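Listing of start-v6.cif, mmCIF, C-alpha atoms; chains and numbers go by the auth columns
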```cif
data_input
#
loop_
_atom_site.group_PDB
_atom_site.id
_atom_site.type_symbol
_atom_site.label_atom_id
_atom_site.label_comp_id
_atom_site.label_asym_id
_atom_site.label_seq_id
_atom_site.Cartn_x
_atom_site.Cartn_y
_atom_site.Cartn_z
_atom_site.B_iso_or_equiv
_atom_site.auth_seq_id
_atom_site.auth_asym_id
ATOM 1 C CA ARG A 1 204.067 233.678 67.249 0.00 1 A
ATOM 2 C CA GLN A 2 203.580 231.771 70.465 0.00 2 A
ATOM 3 C CA PRO A 3 204.198 228.021 70.178 0.00 3 A
ATOM 4 C CA VAL A 4 201.259 227.227 72.455 0.00 4 A
ATOM 5 C CA ARG A 5 198.055 228.993 73.300 0.00 5 A
ATOM 6 C CA LEU A 6 196.247 229.444 76.595 0.00 6 A
ATOM 7 C CA SER A 7 192.501 229.468 76.108 0.00 7 A
ATOM 8 C CA ASN A 8 190.639 231.871 78.358 0.00 8 A
ATOM 9 C CA VAL A 9 187.163 230.844 77.254 0.00 9 A
ATOM 10 C CA PRO A 10 185.036 228.275 79.145 0.00 10 A
ATOM 11 C CA SER A 11 184.413 225.984 76.172 0.00 11 A
ATOM 12 C CA TYR A 12 186.442 224.547 73.317 0.00 12 A
ATOM 13 C CA GLY A 13 185.243 223.747 69.817 0.00 13 A
ATOM 14 C CA ARG A 14 185.731 220.341 68.256 0.00 14 A
ATOM 15 C CA ASN A 15 188.267 221.881 65.892 0.00 15 A
ATOM 16 C CA ALA A 16 190.395 223.395 68.667 0.00 16 A
ATOM 17 C CA ASP A 17 194.139 223.161 68.096 0.00 17 A
ATOM 18 C CA GLU A 18 195.533 220.125 69.939 0.00 18 A
ATOM 19 C CA LEU A 19 198.298 222.343 71.345 0.00 19 A
ATOM 20 C CA THR A 20 195.798 224.601 73.094 0.00 20 A
ATOM 21 C CA MET A 21 196.588 224.696 76.824 0.00 21 A
ATOM 22 C CA VAL A 22 193.825 223.673 79.219 0.00 22 A
ATOM 23 C CA PRO A 23 193.731 224.890 82.842 0.00 23 A
ATOM 24 C CA PRO A 24 193.003 221.816 85.015 0.00 24 A
ATOM 25 C CA GLY A 25 190.099 221.746 87.403 0.00 25 A
ATOM 26 C CA THR A 26 190.845 221.828 91.128 0.00 26 A
ATOM 27 C CA TYR A 27 189.380 219.472 93.697 0.00 27 A
ATOM 28 C CA GLU A 28 187.723 221.173 96.654 0.00 28 A
ATOM 29 C CA ARG A 29 189.235 218.838 99.238 0.00 29 A
ATOM 30 C CA GLN A 30 192.051 216.336 99.697 0.00 30 A
ATOM 31 C CA ILE A 31 191.687 212.892 101.241 0.00 31 A
ATOM 32 C CA LEU A 32 192.813 213.096 104.864 0.00 32 A
ATOM 33 C CA GLU A 33 195.402 210.677 106.229 0.00 33 A
ATOM 34 C CA GLY A 34 193.722 207.624 107.681 0.00 34 A
ATOM 35 C CA SER A 35 190.460 208.202 105.816 0.00 35 A
ATOM 36 C CA ASP A 36 189.067 206.796 102.579 0.00 36 A
ATOM 37 C CA GLY A 37 187.426 210.188 102.033 0.00 37 A
ATOM 38 C CA GLY A 38 183.881 208.993 101.908 0.00 38 A
ATOM 39 C CA GLY A 39 182.166 205.697 102.414 0.00 39 A
ATOM 40 C CA GLY A 40 182.675 202.218 101.027 0.00 40 A
ATOM 41 C CA GLY A 41 186.121 203.092 99.729 0.00 41 A
ATOM 42 C CA ARG A 42 184.851 205.889 97.460 0.00 42 A
ATOM 43 C CA PRO A 43 185.890 209.539 97.953 0.00 43 A
ATOM 44 C CA ALA A 44 183.183 212.090 98.627 0.00 44 A
ATOM 45 C CA PRO A 45 182.070 214.396 95.778 0.00 45 A
ATOM 46 C CA GLY A 46 184.550 217.174 95.073 0.00 46 A
ATOM 47 C CA MET A 47 187.377 215.292 96.755 0.00 47 A
ATOM 48 C CA GLN A 48 190.616 214.206 95.077 0.00 48 A
ATOM 49 C CA PRO A 49 189.936 210.507 94.424 0.00 49 A
ATOM 50 C CA PHE A 50 193.319 209.254 95.669 0.00 50 A
ATOM 51 C CA ARG A 51 196.491 210.436 97.372 0.00 51 A
ATOM 52 C CA VAL A 52 199.761 210.905 95.521 0.00 52 A
ATOM 53 C CA ARG A 53 203.017 210.442 97.415 0.00 53 A
ATOM 54 C CA VAL A 54 206.325 211.025 95.619 0.00 54 A
ATOM 55 C CA LEU A 55 209.852 210.139 96.620 0.00 55 A
ATOM 56 C CA PRO A 56 212.353 213.055 96.392 0.00 56 A
ATOM 57 C CA ALA A 57 214.648 211.048 94.096 0.00 57 A
ATOM 58 C CA THR A 58 211.790 210.690 91.609 0.00 58 A
ATOM 59 C CA GLU A 59 211.270 214.429 91.303 0.00 59 A
ATOM 60 C CA LEU A 60 215.019 215.005 91.117 0.00 60 A
ATOM 61 C CA LEU A 61 215.528 212.568 88.242 0.00 61 A
ATOM 62 C CA MET A 62 212.595 214.028 86.290 0.00 62 A
ATOM 63 C CA ASP A 63 214.077 217.494 86.783 0.00 63 A
ATOM 64 C CA VAL A 64 217.563 216.400 85.695 0.00 64 A
ATOM 65 C CA HIS A 65 216.142 214.738 82.592 0.00 65 A
ATOM 66 C CA ALA A 66 214.111 217.832 81.685 0.00 66 A
ATOM 67 C CA HIS A 67 217.155 220.107 82.115 0.00 67 A
ATOM 68 C CA LEU A 68 219.225 218.076 79.644 0.00 68 A
ATOM 69 C CA PHE A 69 217.185 219.081 76.603 0.00 69 A
ATOM 70 C CA GLU A 70 215.598 222.189 75.159 0.00 70 A
ATOM 71 C CA PHE A 71 212.923 220.037 73.540 0.00 71 A
ATOM 72 C CA GLU A 72 210.343 217.918 75.313 0.00 72 A
ATOM 73 C CA VAL A 73 211.417 214.737 77.100 0.00 73 A
ATOM 74 C CA ILE A 74 209.296 211.814 78.266 0.00 74 A
ATOM 75 C CA GLY A 75 209.403 208.874 80.650 0.00 75 A
ATOM 76 C CA PHE A 76 207.422 206.470 82.813 0.00 76 A
ATOM 77 C CA LEU A 77 206.873 206.488 86.568 0.00 77 A
ATOM 78 C CA GLY A 78 207.113 203.297 88.606 0.00 78 A
ATOM 79 C CA GLY A 79 205.527 202.794 91.986 0.00 79 A
ATOM 80 C CA ARG A 80 202.989 201.002 94.153 0.00 80 A
ATOM 81 C CA TRP A 81 199.285 201.296 94.907 0.00 81 A
ATOM 82 C CA ASP A 82 197.773 200.882 98.361 0.00 82 A
ATOM 83 C CA ALA A 83 194.065 200.378 97.768 0.00 83 A
ATOM 84 C CA ALA A 84 193.256 200.431 101.501 0.00 84 A
ATOM 85 C CA SER A 85 194.506 204.005 101.946 0.00 85 A
ATOM 86 C CA ARG A 86 193.881 204.975 98.312 0.00 86 A
ATOM 87 C CA THR A 87 197.513 206.085 97.962 0.00 87 A
ATOM 88 C CA VAL A 88 199.729 205.788 94.906 0.00 88 A
ATOM 89 C CA VAL A 89 203.419 205.976 95.846 0.00 89 A
ATOM 90 C CA ILE A 90 205.689 207.066 92.997 0.00 90 A
ATOM 91 C CA GLU A 91 209.079 205.549 93.745 0.00 91 A
ATOM 92 C CA ARG A 92 211.150 205.942 90.572 0.00 92 A
ATOM 93 C CA ALA A 93 211.293 207.834 87.299 0.00 93 A
ATOM 94 C CA PHE A 94 212.348 205.961 84.181 0.00 94 A
ATOM 95 C CA PRO A 95 213.577 208.324 81.414 0.00 95 A
ATOM 96 C CA ALA A 96 212.629 207.150 77.925 0.00 96 A
ATOM 97 C CA ARG A 97 213.988 207.696 74.461 0.00 97 A
ATOM 98 C CA ALA A 98 211.731 210.040 72.515 0.00 98 A
ATOM 99 C CA LEU A 99 210.861 210.017 68.854 0.00 99 A
ATOM 100 C CA ALA A 100 212.788 212.820 67.175 0.00 100 A
ATOM 101 C CA GLN A 101 210.738 215.885 66.411 0.00 101 A
ATOM 102 C CA GLU A 102 210.614 216.872 62.795 0.00 102 A
ATOM 103 C CA GLU A 103 212.065 220.270 62.015 0.00 103 A
ATOM 104 C CA GLY A 104 209.344 222.881 62.108 0.00 104 A
ATOM 105 C CA ASP A 105 209.323 226.592 61.423 0.00 105 A
ATOM 106 C CA GLY A 106 211.599 229.023 63.166 0.00 106 A
ATOM 107 C CA ALA A 107 209.209 229.823 66.005 0.00 107 A
ATOM 108 C CA ASP A 108 208.643 226.196 66.961 0.00 108 A
ATOM 109 C CA ALA A 109 212.338 225.443 66.658 0.00 109 A
ATOM 110 C CA GLN A 110 213.192 228.368 68.889 0.00 110 A
ATOM 111 C CA ALA A 111 210.596 227.201 71.398 0.00 111 A
ATOM 112 C CA GLY A 112 212.354 223.865 71.677 0.00 112 A
ATOM 113 C CA GLY A 113 209.436 221.865 70.277 0.00 113 A
ATOM 114 C CA VAL A 114 205.914 221.595 71.628 0.00 114 A
ATOM 115 C CA SER A 115 205.149 217.888 71.413 0.00 115 A
ATOM 116 C CA VAL A 116 206.735 214.558 72.327 0.00 116 A
ATOM 117 C CA GLU A 117 206.078 210.869 71.768 0.00 117 A
ATOM 118 C CA MET A 118 207.806 207.895 73.386 0.00 118 A
ATOM 119 C CA ASP A 119 209.871 205.607 71.180 0.00 119 A
ATOM 120 C CA PRO A 120 207.931 202.288 71.046 0.00 120 A
ATOM 121 C CA GLU A 121 211.052 200.148 71.562 0.00 121 A
ATOM 122 C CA SER A 122 212.062 202.273 74.534 0.00 122 A
ATOM 123 C CA GLU A 123 208.559 201.880 75.987 0.00 123 A
ATOM 124 C CA VAL A 124 208.764 198.077 75.873 0.00 124 A
ATOM 125 C CA GLY A 125 212.169 198.114 77.571 0.00 125 A
ATOM 126 C CA LEU A 126 211.042 200.499 80.298 0.00 126 A
ATOM 127 C CA ARG A 127 207.991 198.419 81.130 0.00 127 A
ATOM 128 C CA GLU A 128 210.278 195.418 81.595 0.00 128 A
ATOM 129 C CA GLN A 129 212.647 197.447 83.801 0.00 129 A
ATOM 130 C CA ILE A 130 209.768 198.600 85.988 0.00 130 A
ATOM 131 C CA ARG A 131 208.446 195.068 86.339 0.00 131 A
ATOM 132 C CA ASP A 132 211.930 193.713 87.137 0.00 132 A
ATOM 133 C CA ALA A 133 212.242 196.371 89.873 0.00 133 A
ATOM 134 C CA GLY A 134 209.138 194.955 91.559 0.00 134 A
ATOM 135 C CA LEU A 135 207.095 198.036 90.670 0.00 135 A
ATOM 136 C CA ARG A 136 204.203 198.801 88.373 0.00 136 A
ATOM 137 C CA VAL A 137 203.717 201.603 85.850 0.00 137 A
ATOM 138 C CA VAL A 138 201.721 204.229 87.739 0.00 138 A
ATOM 139 C CA GLY A 139 202.271 207.261 85.540 0.00 139 A
ATOM 140 C CA TRP A 140 204.227 209.138 82.921 0.00 140 A
ATOM 141 C CA TYR A 141 205.981 212.476 82.761 0.00 141 A
ATOM 142 C CA HIS A 142 207.088 214.866 80.079 0.00 142 A
ATOM 143 C CA SER A 143 208.495 218.377 79.959 0.00 143 A
ATOM 144 C CA HIS A 144 207.387 221.767 78.705 0.00 144 A
ATOM 145 C CA PRO A 145 210.890 223.227 78.433 0.00 145 A
ATOM 146 C CA LEU A 146 210.149 226.877 77.715 0.00 146 A
ATOM 147 C CA PHE A 147 206.470 227.339 78.463 0.00 147 A
ATOM 148 C CA VAL A 148 203.793 226.892 81.104 0.00 148 A
ATOM 149 C CA THR A 149 203.127 223.417 82.539 0.00 149 A
ATOM 150 C CA LEU A 150 199.403 223.436 81.788 0.00 150 A
ATOM 151 C CA PRO A 151 198.431 220.285 79.862 0.00 151 A
ATOM 152 C CA SER A 152 197.515 220.711 76.223 0.00 152 A
ATOM 153 C CA ILE A 153 194.528 219.057 74.577 0.00 153 A
ATOM 154 C CA LYS A 154 196.983 216.521 73.155 0.00 154 A
ATOM 155 C CA ASP A 155 198.387 215.898 76.664 0.00 155 A
ATOM 156 C CA CYS A 156 194.834 215.281 77.919 0.00 156 A
ATOM 157 C CA ASN A 157 194.163 212.795 75.132 0.00 157 A
ATOM 158 C CA ASN A 158 197.495 211.053 75.760 0.00 158 A
ATOM 159 C CA GLN A 159 196.722 210.882 79.482 0.00 159 A
ATOM 160 C CA ALA A 160 193.326 209.323 78.769 0.00 160 A
ATOM 161 C CA SER A 161 194.941 206.761 76.457 0.00 161 A
ATOM 162 C CA TYR A 162 197.473 205.817 79.142 0.00 162 A
ATOM 163 C CA GLN A 163 194.755 205.556 81.795 0.00 163 A
ATOM 164 C CA SER A 164 192.877 203.114 79.554 0.00 164 A
ATOM 165 C CA LEU A 165 196.019 201.209 78.527 0.00 165 A
ATOM 166 C CA PHE A 166 197.107 200.535 82.103 0.00 166 A
ATOM 167 C CA ALA A 167 193.617 199.946 83.500 0.00 167 A
ATOM 168 C CA THR A 168 193.216 196.545 85.157 0.00 168 A
ATOM 169 C CA GLY A 169 189.455 196.452 85.619 0.00 169 A
ATOM 170 C CA GLY A 170 189.743 196.753 89.393 0.00 170 A
ATOM 171 C CA GLY A 171 186.797 199.096 89.791 0.00 171 A
ATOM 172 C CA ASP A 172 187.029 201.564 92.680 0.00 172 A
ATOM 173 C CA ASP A 173 190.197 199.839 93.965 0.00 173 A
ATOM 174 C CA GLU A 174 192.005 200.082 90.637 0.00 174 A
ATOM 175 C CA CYS A 175 195.451 201.656 90.650 0.00 175 A
ATOM 176 C CA PRO A 176 195.284 205.166 89.160 0.00 176 A
ATOM 177 C CA PHE A 177 197.595 206.433 86.455 0.00 177 A
ATOM 178 C CA VAL A 178 198.988 209.953 86.909 0.00 178 A
ATOM 179 C CA GLY A 179 200.686 212.468 84.680 0.00 179 A
ATOM 180 C CA ALA A 180 203.418 214.987 85.500 0.00 180 A
ATOM 181 C CA ILE A 181 204.672 217.973 83.533 0.00 181 A
ATOM 182 C CA VAL A 182 208.095 219.491 84.317 0.00 182 A
ATOM 183 C CA GLY A 183 208.879 223.083 83.341 0.00 183 A
ATOM 184 C CA PRO A 184 212.607 223.819 83.698 0.00 184 A
ATOM 185 C CA TYR A 185 213.246 226.872 81.508 0.00 185 A
ATOM 186 C CA ASP A 186 210.000 228.870 81.362 0.00 186 A
ATOM 187 C CA PRO A 187 211.191 232.512 81.380 0.00 187 A
ATOM 188 C CA LEU A 188 208.092 233.495 83.355 0.00 188 A
ATOM 189 C CA LEU A 189 208.974 231.335 86.352 0.00 189 A
ATOM 190 C CA PRO A 190 209.543 233.417 89.501 0.00 190 A
ATOM 191 C CA SER A 191 212.839 231.644 90.276 0.00 191 A
ATOM 192 C CA GLU A 192 215.281 229.115 88.852 0.00 192 A
ATOM 193 C CA VAL A 193 213.309 226.290 90.496 0.00 193 A
ATOM 194 C CA SER A 194 211.455 224.160 87.948 0.00 194 A
ATOM 195 C CA ASP A 195 207.683 224.017 87.974 0.00 195 A
ATOM 196 C CA LEU A 196 206.122 220.564 88.433 0.00 196 A
ATOM 197 C CA ARG A 197 202.434 219.879 87.824 0.00 197 A
ATOM 198 C CA TRP A 198 200.599 216.615 88.580 0.00 198 A
ATOM 199 C CA PHE A 199 197.291 215.813 86.882 0.00 199 A
ATOM 200 C CA HIS A 200 194.914 213.156 85.626 0.00 200 A
ATOM 201 C CA VAL A 201 191.830 213.321 83.405 0.00 201 A
ATOM 202 C CA SER A 202 188.178 212.446 83.652 0.00 202 A
ATOM 203 C CA LYS A 203 186.057 211.189 80.785 0.00 203 A
ATOM 204 C CA GLN A 204 183.175 213.183 82.241 0.00 204 A
ATOM 205 C CA SER A 205 183.878 216.443 80.454 0.00 205 A
ATOM 206 C CA GLN A 206 181.961 219.339 78.956 0.00 206 A
ATOM 207 C CA HIS A 207 184.681 219.578 76.317 0.00 207 A
ATOM 208 C CA PRO A 208 185.314 217.371 73.251 0.00 208 A
ATOM 209 C CA PHE A 209 188.385 216.025 75.064 0.00 209 A
ATOM 210 C CA PRO A 210 188.980 214.571 78.555 0.00 210 A
ATOM 211 C CA GLN A 211 188.820 217.059 81.434 0.00 211 A
ATOM 212 C CA PRO A 212 192.172 217.502 83.243 0.00 212 A
ATOM 213 C CA TRP A 213 192.241 217.744 87.040 0.00 213 A
ATOM 214 C CA HIS A 214 195.070 219.021 89.203 0.00 214 A
ATOM 215 C CA LEU A 215 196.462 216.473 91.669 0.00 215 A
ATOM 216 C CA LYS A 216 198.031 217.479 94.964 0.00 216 A
ATOM 217 C CA ALA A 217 201.179 215.421 95.511 0.00 217 A
ATOM 218 C CA ASP A 218 203.066 215.098 98.792 0.00 218 A
ATOM 219 C CA VAL A 219 206.825 214.511 98.849 0.00 219 A
ATOM 220 C CA ASP A 220 207.817 211.689 101.193 0.00 220 A
ATOM 221 C CA HIS A 221 210.874 213.161 102.927 0.00 221 A
ATOM 222 C CA THR A 222 211.212 210.080 105.128 0.00 222 A
ATOM 223 C CA ARG A 223 212.806 208.276 102.202 0.00 223 A
ATOM 224 C CA GLY A 224 216.372 209.259 101.425 0.00 224 A
ATOM 225 C CA VAL A 225 218.109 209.484 98.057 0.00 225 A
ATOM 226 C CA PRO A 226 219.249 206.010 96.924 0.00 226 A
ATOM 227 C CA GLU A 227 222.831 205.354 95.877 0.00 227 A
ATOM 228 C CA SER A 228 221.559 204.294 92.461 0.00 228 A
ATOM 229 C CA LEU A 229 220.361 207.836 91.674 0.00 229 A
ATOM 230 C CA THR A 230 223.752 208.927 90.334 0.00 230 A
ATOM 231 C CA GLU A 231 223.781 206.106 87.795 0.00 231 A
ATOM 232 C CA GLU A 232 220.148 206.802 86.880 0.00 232 A
ATOM 233 C CA CYS A 233 221.021 210.454 86.166 0.00 233 A
ATOM 234 C CA LEU A 234 223.996 209.350 84.070 0.00 234 A
ATOM 235 C CA ALA A 235 221.725 206.997 82.142 0.00 235 A
ATOM 236 C CA ALA A 236 219.472 209.958 81.331 0.00 236 A
ATOM 237 C CA THR A 237 222.449 211.839 79.848 0.00 237 A
ATOM 238 C CA ARG A 238 223.067 208.885 77.536 0.00 238 A
ATOM 239 C CA LEU A 239 219.751 209.684 75.866 0.00 239 A
ATOM 240 C CA LEU A 240 221.386 212.803 74.404 0.00 240 A
ATOM 241 C CA GLY A 241 221.468 212.474 70.648 0.00 241 A
ATOM 242 C CA VAL A 242 219.720 209.082 70.474 0.00 242 A
ATOM 243 C CA ALA A 243 216.149 210.198 69.708 0.00 243 A
ATOM 244 C CA THR A 244 214.753 208.305 66.736 0.00 244 A
ATOM 245 C CA HIS A 245 212.297 209.216 64.001 0.00 245 A
ATOM 246 C CA ALA A 246 208.981 207.399 63.669 0.00 246 A
ATOM 247 C CA ASP A 247 210.215 205.778 60.439 0.00 247 A
ATOM 248 C CA GLY A 248 213.338 204.399 62.158 0.00 248 A
ATOM 249 C CA ARG A 249 215.835 206.975 60.936 0.00 249 A
#
```
Transcribe the structure of this file into structure tokens.
Amino acid sequence: RQPVRLSNVPSYGRNADELTMVPPGTYERQILEGSDGGGGGRPAPGMQPFRVRVLPATELLMDVHAHLFEFEVIGFLGGRWDAASRTVVIERAFPARALAQEEGDGADAQAGGVSVEMDPESEVGLREQIRDAGLRVVGWYHSHPLFVTLPSIKDCNNQASYQSLFATGGGDDECPFVGAIVGPYDPLLPSEVSDLRWFHVSKQSQHPFPQPWHLKADVDHTRGVPESLTEECLAATRLLGVATHADGR
């Protein structure tokens, strides 16, 4: 059987499998450079509500981390928020230790696992690292090693939880929280280049779960690869074999 399912119907029942894949909605327009997109700092209807700018080293480290494992990996994203231009700049990826996945049936095992959770101790340490780097937590990433990068219902719920957790009550000027899904080994990919999908969710949804929306992200090629990237990639390899079970095993 397939480890995940792509729903091709417009609505989902309340008992839908949490691993059901959900095609994100697409914004009609992007915010133009030098514009707030609307009036009073609020984007116009149908417009992506903020810009996403990513440093090349961030995407590279996420990709390296995802390639190290045939099961799902997870991490945080550190960056900065410019409320004036409504731009979130994602400057660094911070690979996390994941809770070990319990052994499932043969199909799920062959698929490399279809779910991931961050180790709570690793999460606390990463948040301190991000703060010490002068950044803030602006997102998270995880991988879909062998299947499409569409978010699942569980991914949508996790994204909504993170958006609430890191909310600061700043209203329209509040820093957004984004999600990224990396697909390194999907056999249906047209080339050996990994797929990378950016998204967030809206509580305004016709479904019994938050509605995912695709985010257009621009890579900032004016920023080079830092010397620290080699050590950061090596640190990701040290996560091999150190996943922990929820009960501490």
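Taking CA of Val73 (chain A) as the reference point, CA of Gly224 (chain A) is found at 25.4 Å.
Close contacts of Pro176 (chain A), defined as residues with an atom at most 10 Å away when counting only C-alpha atoms, with chain neighbours fewer than 4 positions off set aside, comprise Pro49, Phe50, Arg51, Val52, Trp81, Ala83, Arg86, Thr87, Val88, Val137, Val138, Gly139, Gln163, Phe166, Ala167, Thr168, Asp172 and His200 of chain A.
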- Item | Point-to-point distance from CA of Glu231 (chain A) to CA of Leu196 (chain A), Å rounded to tenths | 22.8 Å
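Evaluating the PyMOL selection byres ((chain A and resi 220) around 10) against the shown model yields Val52, Arg53, Val54, Leu55, Pro56, Ala57, Val89, Ile90, Glu91, Ala217, Asp218, Val219, His221, Thr222, Arg223 and Gly224 of chain A.
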Just the selected residues (C-alpha atoms), exported as a CSV table (one decimal), keeping the file's coordinate frame, please.
```csv
chain,number,residue,atom,x,y,z
A,52,VAL,CA,199.8,210.9,95.5
A,53,ARG,CA,203.0,210.4,97.4
A,54,VAL,CA,206.3,211.0,95.6
A,55,LEU,CA,209.9,210.1,96.6
A,56,PRO,CA,212.4,213.1,96.4
A,57,ALA,CA,214.6,211.0,94.1
A,89,VAL,CA,203.4,206.0,95.8
A,90,ILE,CA,205.7,207.1,93.0
A,91,GLU,CA,209.1,205.5,93.7
A,217,ALA,CA,201.2,215.4,95.5
A,218,ASP,CA,203.1,215.1,98.8
A,219,VAL,CA,206.8,214.5,98.8
A,221,HIS,CA,210.9,213.2,102.9
A,222,THR,CA,211.2,210.1,105.1
A,223,ARG,CA,212.8,208.3,102.2
A,224,GLY,CA,216.4,209.3,101.4
```
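For the pair CA of Met118 (chain A) and CA of Asp82 (chain A), the separation is 27.8 Å.
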